[in-house]
Each structure stands twice: as C-alpha cells, then as structure tokens.
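One structure is given here, and the rest of the page talks about it.
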Amino acid sequence: MDDKTVNALDNLMEKEGVMGSALITRDGGVLIADLPSGIHSETFAIMCATIFGAAHTINSDLEIGSPESVSVNAQKGKFIIAKAGRKELLAVVVDDDSELSDFNDVIEEAIDLIKEGL
C-alpha cells in the first residue's frame with residue numbers, strides 16, 4: 001500500500017472519536033483496515049460495499065446522481081462510507097459522543113491523499 005494512503009488512515013485514527021477506518025473496494029475487498037478488535041475486516045468491507053451499492057441503486061432509480069457518501073447513525077456509534085476513488089471507498093467509524101459532521105474536513109483530506117496514492 002502506498003505511503004500516502006497509509007498516512008491518510010493513520011491521520012484519521014489520530015482524530016479524537018475515530019474508532020476505526022478502512023479503505024475498501026466497491027466489490028468488498030479490503031485494501032487496508034484499522035478496525036476495533038473483534039471486527040472482521042472482510043465482513044466489514046463486504047457490508048460497507050453492499051450498503052454503498054444499495055445507495056447507488058436507490059440514487060439511480062431516483063435519478064439524483066451517484067452517492068458521494070452514506071452515513072449510519074446508531075445508538076452506540078456512527079460510520080460513514082465515502083467515495084475515495086474510482087473503485088475505492090473509505091469507511092470511518094466514530095464513537096457515539098462524536099458528530100459525523102465534525103469529521104468532514106479530515107475525511108476529505110484523507111480522500112485527497114488516498115487519490116494521490118492510487
């Protein structure tokens with residue numbers, strides 16, 4: 001994996017509130033992952049790709065364009081899946097005390113670094 005990509009995920013993990021991150025392919029492959037213990041990166045990647053694919057299908061049916069990101073809010077945490085390249089997705093998991101909007105800038109910075117490294 002390219003140093004810029006590794007650095008991008010390392011920078012994300014240093015942000016307070018980030019519990020995990022993964023760069024995956026749109027078909028569910030794991031490129032690099034740093035996820036909470038007990039989380040299987042392969043299963044996580046497949047499910048994230050499925051969620052993003054479902055959003056793509058819905059957006060297509062609604063004729064509103066391709067999704068840039070999909071977010072999930074749960075009782076004990078949140079995560080966002082964002083386009084990070086032509087075939088890549090970046091998934092970021094944050095704790096319940098955080099707001100996803102607080103991470104927009106750092107996620108965009110990570111995506112820019114990832115795209116440079118691809």
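Residues in the structure tokens are named by chain (A, B, ... in the order shown) and by number from 1 within that chain; ligands are numbered from 1 in the order shown.
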
Exercise: stretch 41-52 of chain A partners within 8 Å, only C-alpha atoms, chain neighbours under 5 positions left out, as a PyMOL selection string = chain A and resi 22+24-30+33+35+67+69-70+81+89+91

Export of the given selection (C-alpha atoms) as a compact mmCIF listing (two decimals), in the first residue's frame:
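Okay, this is what ended up in again.txt:
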```
# COMPACT_ATOMS: atom_id res chain seq x y z
CA ALA A 22 -10.83 1.07 6.27
CA ILE A 24 -12.07 -0.97 0.67
CA THR A 25 -13.05 -1.71 -2.90
CA ARG A 26 -16.58 -1.26 -4.20
CA ASP A 27 -16.86 -5.02 -4.52
CA GLY A 28 -15.99 -5.57 -0.85
CA GLY A 29 -12.25 -6.21 -0.90
CA VAL A 30 -10.05 -4.94 1.92
CA ALA A 33 -8.07 -1.55 7.63
CA LEU A 35 -10.87 -1.53 12.91
CA PRO A 67 -23.86 8.98 -3.93
CA SER A 69 -21.22 9.12 0.87
CA VAL A 70 -23.58 7.14 3.06
CA ILE A 81 -18.76 5.32 3.78
CA LEU A 89 -14.46 3.52 -0.62
CA ALA A 91 -15.23 3.79 5.78
```

Atom CA of A:Asp3 and atom CA of A:Ile80 are how many Å apart?
->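 Pair atom CA of A:Asp3 / atom CA of A:Ile80 returns 23.0 Å.
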
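With only C-alpha atoms as the atoms that count, the residue of A:Ser98, A:Glu116, A:Val92, A:Ala74 with the shortest distance to A:Asp10 is A:Val92.
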
Could you name the residues that touch A:Ala110 at 8 Å or less, counting only C-alpha atoms, but leaving out those on the same chain fewer than 4 positions away, as a list of chain:residue names?
->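 Result of the neighbour search: A:Thr5, A:Ala8, A:Leu9, A:Asn11, A:Leu12, A:Val106, A:Ile114.
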
Polymer residues at most 12 Å from A:Gly117, only C-alpha atoms, same-chain spacing of 2 or more positions, as a VMD selection string | chain A and resid 1 to 8 84 to 85 88 110 to 115

Between atom CA of A:Arg86 and atom CA of A:Met13 - distance in Å to one decimal =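 Here the two named atoms are 23.3 Å from each other.
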
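As for atom CA of A:His56 and atom CA of A:Asp105, they are spaced 23.2 Å apart.
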
Determine the nearest neighbour of A:Pro36 from the options A:Val93, A:Gly77, A:Lys15, A:Gly65, counting only C-alpha atoms.
->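 Closest to A:Pro36 of all the choices is A:Val93.
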
Using DSSP on the backbone coordinates, identify the residues of chain A assigned to strand (DSSP E or B); present them as a ChimeraX atom specification.
-> /A:18-25,30-34,69-74,77-83,88-95

Residue set, chain A restricted to alpha helix (DSSP H), as JSON, numbers by chain | {"A": [3, 4, 5, 6, 7, 8, 9, 10, 11, 12, 13, 14, 41, 42, 43, 44, 45, 46, 47, 48, 49, 50, 51, 52, 53, 54, 55, 56, 57, 58, 59, 60, 61, 62, 104, 105, 106, 107, 108, 109, 110, 111, 112, 113, 114, 115, 116, 117]}

Create the file for the chosen residues now, containing N, CA and C atoms and written as a compact mmCIF listing (two decimals), in the first residue's frame.
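Heads up, here's the output in part_15.txt:
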```txt
# COMPACT_ATOMS: atom_id res chain seq x y z
N ASP A 3 2.48 4.89 0.67
CA ASP A 3 2.70 5.62 1.93
C ASP A 3 1.64 6.69 2.17
N LYS A 4 1.21 7.38 1.12
CA LYS A 4 0.19 8.43 1.28
C LYS A 4 -1.12 7.83 1.78
N THR A 5 -1.46 6.66 1.29
CA THR A 5 -2.69 6.01 1.72
C THR A 5 -2.58 5.58 3.18
N VAL A 6 -1.47 4.99 3.55
CA VAL A 6 -1.25 4.57 4.94
C VAL A 6 -1.28 5.79 5.85
N ASN A 7 -0.62 6.88 5.44
CA ASN A 7 -0.61 8.11 6.24
C ASN A 7 -2.01 8.68 6.38
N ALA A 8 -2.80 8.60 5.32
CA ALA A 8 -4.17 9.13 5.36
C ALA A 8 -4.98 8.41 6.44
N LEU A 9 -4.89 7.08 6.48
CA LEU A 9 -5.61 6.34 7.50
C LEU A 9 -5.03 6.56 8.89
N ASP A 10 -3.71 6.68 8.99
CA ASP A 10 -3.09 6.98 10.28
C ASP A 10 -3.57 8.32 10.81
N ASN A 11 -3.67 9.32 9.93
CA ASN A 11 -4.15 10.64 10.34
C ASN A 11 -5.59 10.57 10.85
N LEU A 12 -6.40 9.78 10.19
CA LEU A 12 -7.78 9.61 10.64
C LEU A 12 -7.83 9.00 12.03
N MET A 13 -7.02 7.98 12.25
CA MET A 13 -7.04 7.27 13.53
C MET A 13 -6.56 8.15 14.68
N GLU A 14 -5.80 9.19 14.38
CA GLU A 14 -5.32 10.10 15.42
C GLU A 14 -6.39 11.09 15.86
N SER A 41 -12.40 -7.57 9.25
CA SER A 41 -12.29 -6.58 8.17
C SER A 41 -12.95 -7.04 6.88
N GLU A 42 -12.89 -8.32 6.59
CA GLU A 42 -13.50 -8.82 5.36
C GLU A 42 -15.01 -8.66 5.38
N THR A 43 -15.63 -9.03 6.51
CA THR A 43 -17.08 -8.89 6.65
C THR A 43 -17.47 -7.41 6.63
N PHE A 44 -16.72 -6.59 7.34
CA PHE A 44 -16.97 -5.14 7.38
C PHE A 44 -16.93 -4.57 5.96
N ALA A 45 -15.91 -4.94 5.20
CA ALA A 45 -15.75 -4.41 3.84
C ALA A 45 -16.91 -4.83 2.94
N ILE A 46 -17.29 -6.09 3.02
CA ILE A 46 -18.40 -6.59 2.19
C ILE A 46 -19.69 -5.86 2.53
N MET A 47 -19.96 -5.67 3.82
CA MET A 47 -21.19 -4.99 4.22
C MET A 47 -21.18 -3.52 3.83
N CYS A 48 -20.04 -2.85 3.98
CA CYS A 48 -19.94 -1.44 3.56
C CYS A 48 -20.15 -1.30 2.05
N ALA A 49 -19.56 -2.19 1.29
CA ALA A 49 -19.74 -2.16 -0.16
C ALA A 49 -21.20 -2.41 -0.52
N THR A 50 -21.86 -3.30 0.20
CA THR A 50 -23.27 -3.59 -0.05
C THR A 50 -24.13 -2.37 0.25
N ILE A 51 -23.88 -1.72 1.38
CA ILE A 51 -24.63 -0.52 1.75
C ILE A 51 -24.44 0.57 0.70
N PHE A 52 -23.20 0.79 0.29
CA PHE A 52 -22.93 1.83 -0.70
C PHE A 52 -23.57 1.47 -2.05
N GLY A 53 -23.51 0.19 -2.40
CA GLY A 53 -24.13 -0.26 -3.64
C GLY A 53 -25.64 -0.07 -3.62
N ALA A 54 -26.26 -0.33 -2.48
CA ALA A 54 -27.70 -0.11 -2.35
C ALA A 54 -28.04 1.36 -2.51
N ALA A 55 -27.23 2.24 -1.91
CA ALA A 55 -27.45 3.68 -2.06
C ALA A 55 -27.31 4.08 -3.53
N HIS A 56 -26.35 3.49 -4.21
CA HIS A 56 -26.16 3.79 -5.63
C HIS A 56 -27.39 3.39 -6.44
N THR A 57 -27.95 2.23 -6.14
CA THR A 57 -29.14 1.76 -6.84
C THR A 57 -30.33 2.69 -6.58
N ILE A 58 -30.53 3.06 -5.32
CA ILE A 58 -31.64 3.97 -4.98
C ILE A 58 -31.46 5.31 -5.68
N ASN A 59 -30.25 5.87 -5.63
CA ASN A 59 -30.00 7.15 -6.28
C ASN A 59 -30.24 7.07 -7.78
N SER A 60 -29.85 5.96 -8.37
CA SER A 60 -30.08 5.77 -9.81
C SER A 60 -31.57 5.75 -10.11
N ASP A 61 -32.33 5.01 -9.31
CA ASP A 61 -33.78 4.94 -9.50
C ASP A 61 -34.42 6.32 -9.34
N LEU A 62 -33.90 7.11 -8.39
CA LEU A 62 -34.43 8.45 -8.15
C LEU A 62 -33.89 9.48 -9.14
N ASN A 104 -15.87 15.87 8.61
CA ASN A 104 -15.90 16.14 7.17
C ASN A 104 -14.54 16.56 6.62
N ASP A 105 -13.89 17.51 7.28
CA ASP A 105 -12.60 18.01 6.78
C ASP A 105 -11.53 16.94 6.79
N VAL A 106 -11.41 16.20 7.88
CA VAL A 106 -10.36 15.18 7.97
C VAL A 106 -10.63 14.03 7.01
N ILE A 107 -11.89 13.71 6.77
CA ILE A 107 -12.22 12.67 5.80
C ILE A 107 -11.88 13.14 4.39
N GLU A 108 -12.21 14.39 4.07
CA GLU A 108 -11.86 14.94 2.75
C GLU A 108 -10.35 14.97 2.54
N GLU A 109 -9.61 15.35 3.58
CA GLU A 109 -8.14 15.34 3.49
C GLU A 109 -7.63 13.93 3.24
N ALA A 110 -8.19 12.96 3.94
CA ALA A 110 -7.78 11.57 3.75
C ALA A 110 -8.08 11.11 2.33
N ILE A 111 -9.25 11.44 1.83
CA ILE A 111 -9.63 11.04 0.48
C ILE A 111 -8.69 11.66 -0.54
N ASP A 112 -8.33 12.92 -0.36
CA ASP A 112 -7.38 13.57 -1.27
C ASP A 112 -6.05 12.85 -1.28
N LEU A 113 -5.54 12.48 -0.10
CA LEU A 113 -4.26 11.74 -0.02
C LEU A 113 -4.39 10.36 -0.67
N ILE A 114 -5.50 9.70 -0.42
CA ILE A 114 -5.71 8.38 -0.99
C ILE A 114 -5.71 8.46 -2.51
N LYS A 115 -6.42 9.45 -3.05
CA LYS A 115 -6.48 9.60 -4.51
C LYS A 115 -5.10 9.88 -5.10
N GLU A 116 -4.28 10.63 -4.38
CA GLU A 116 -2.91 10.87 -4.85
C GLU A 116 -2.10 9.59 -4.88
N GLY A 117 -2.38 8.70 -3.93
CA GLY A 117 -1.62 7.46 -3.82
C GLY A 117 -2.09 6.36 -4.74
```
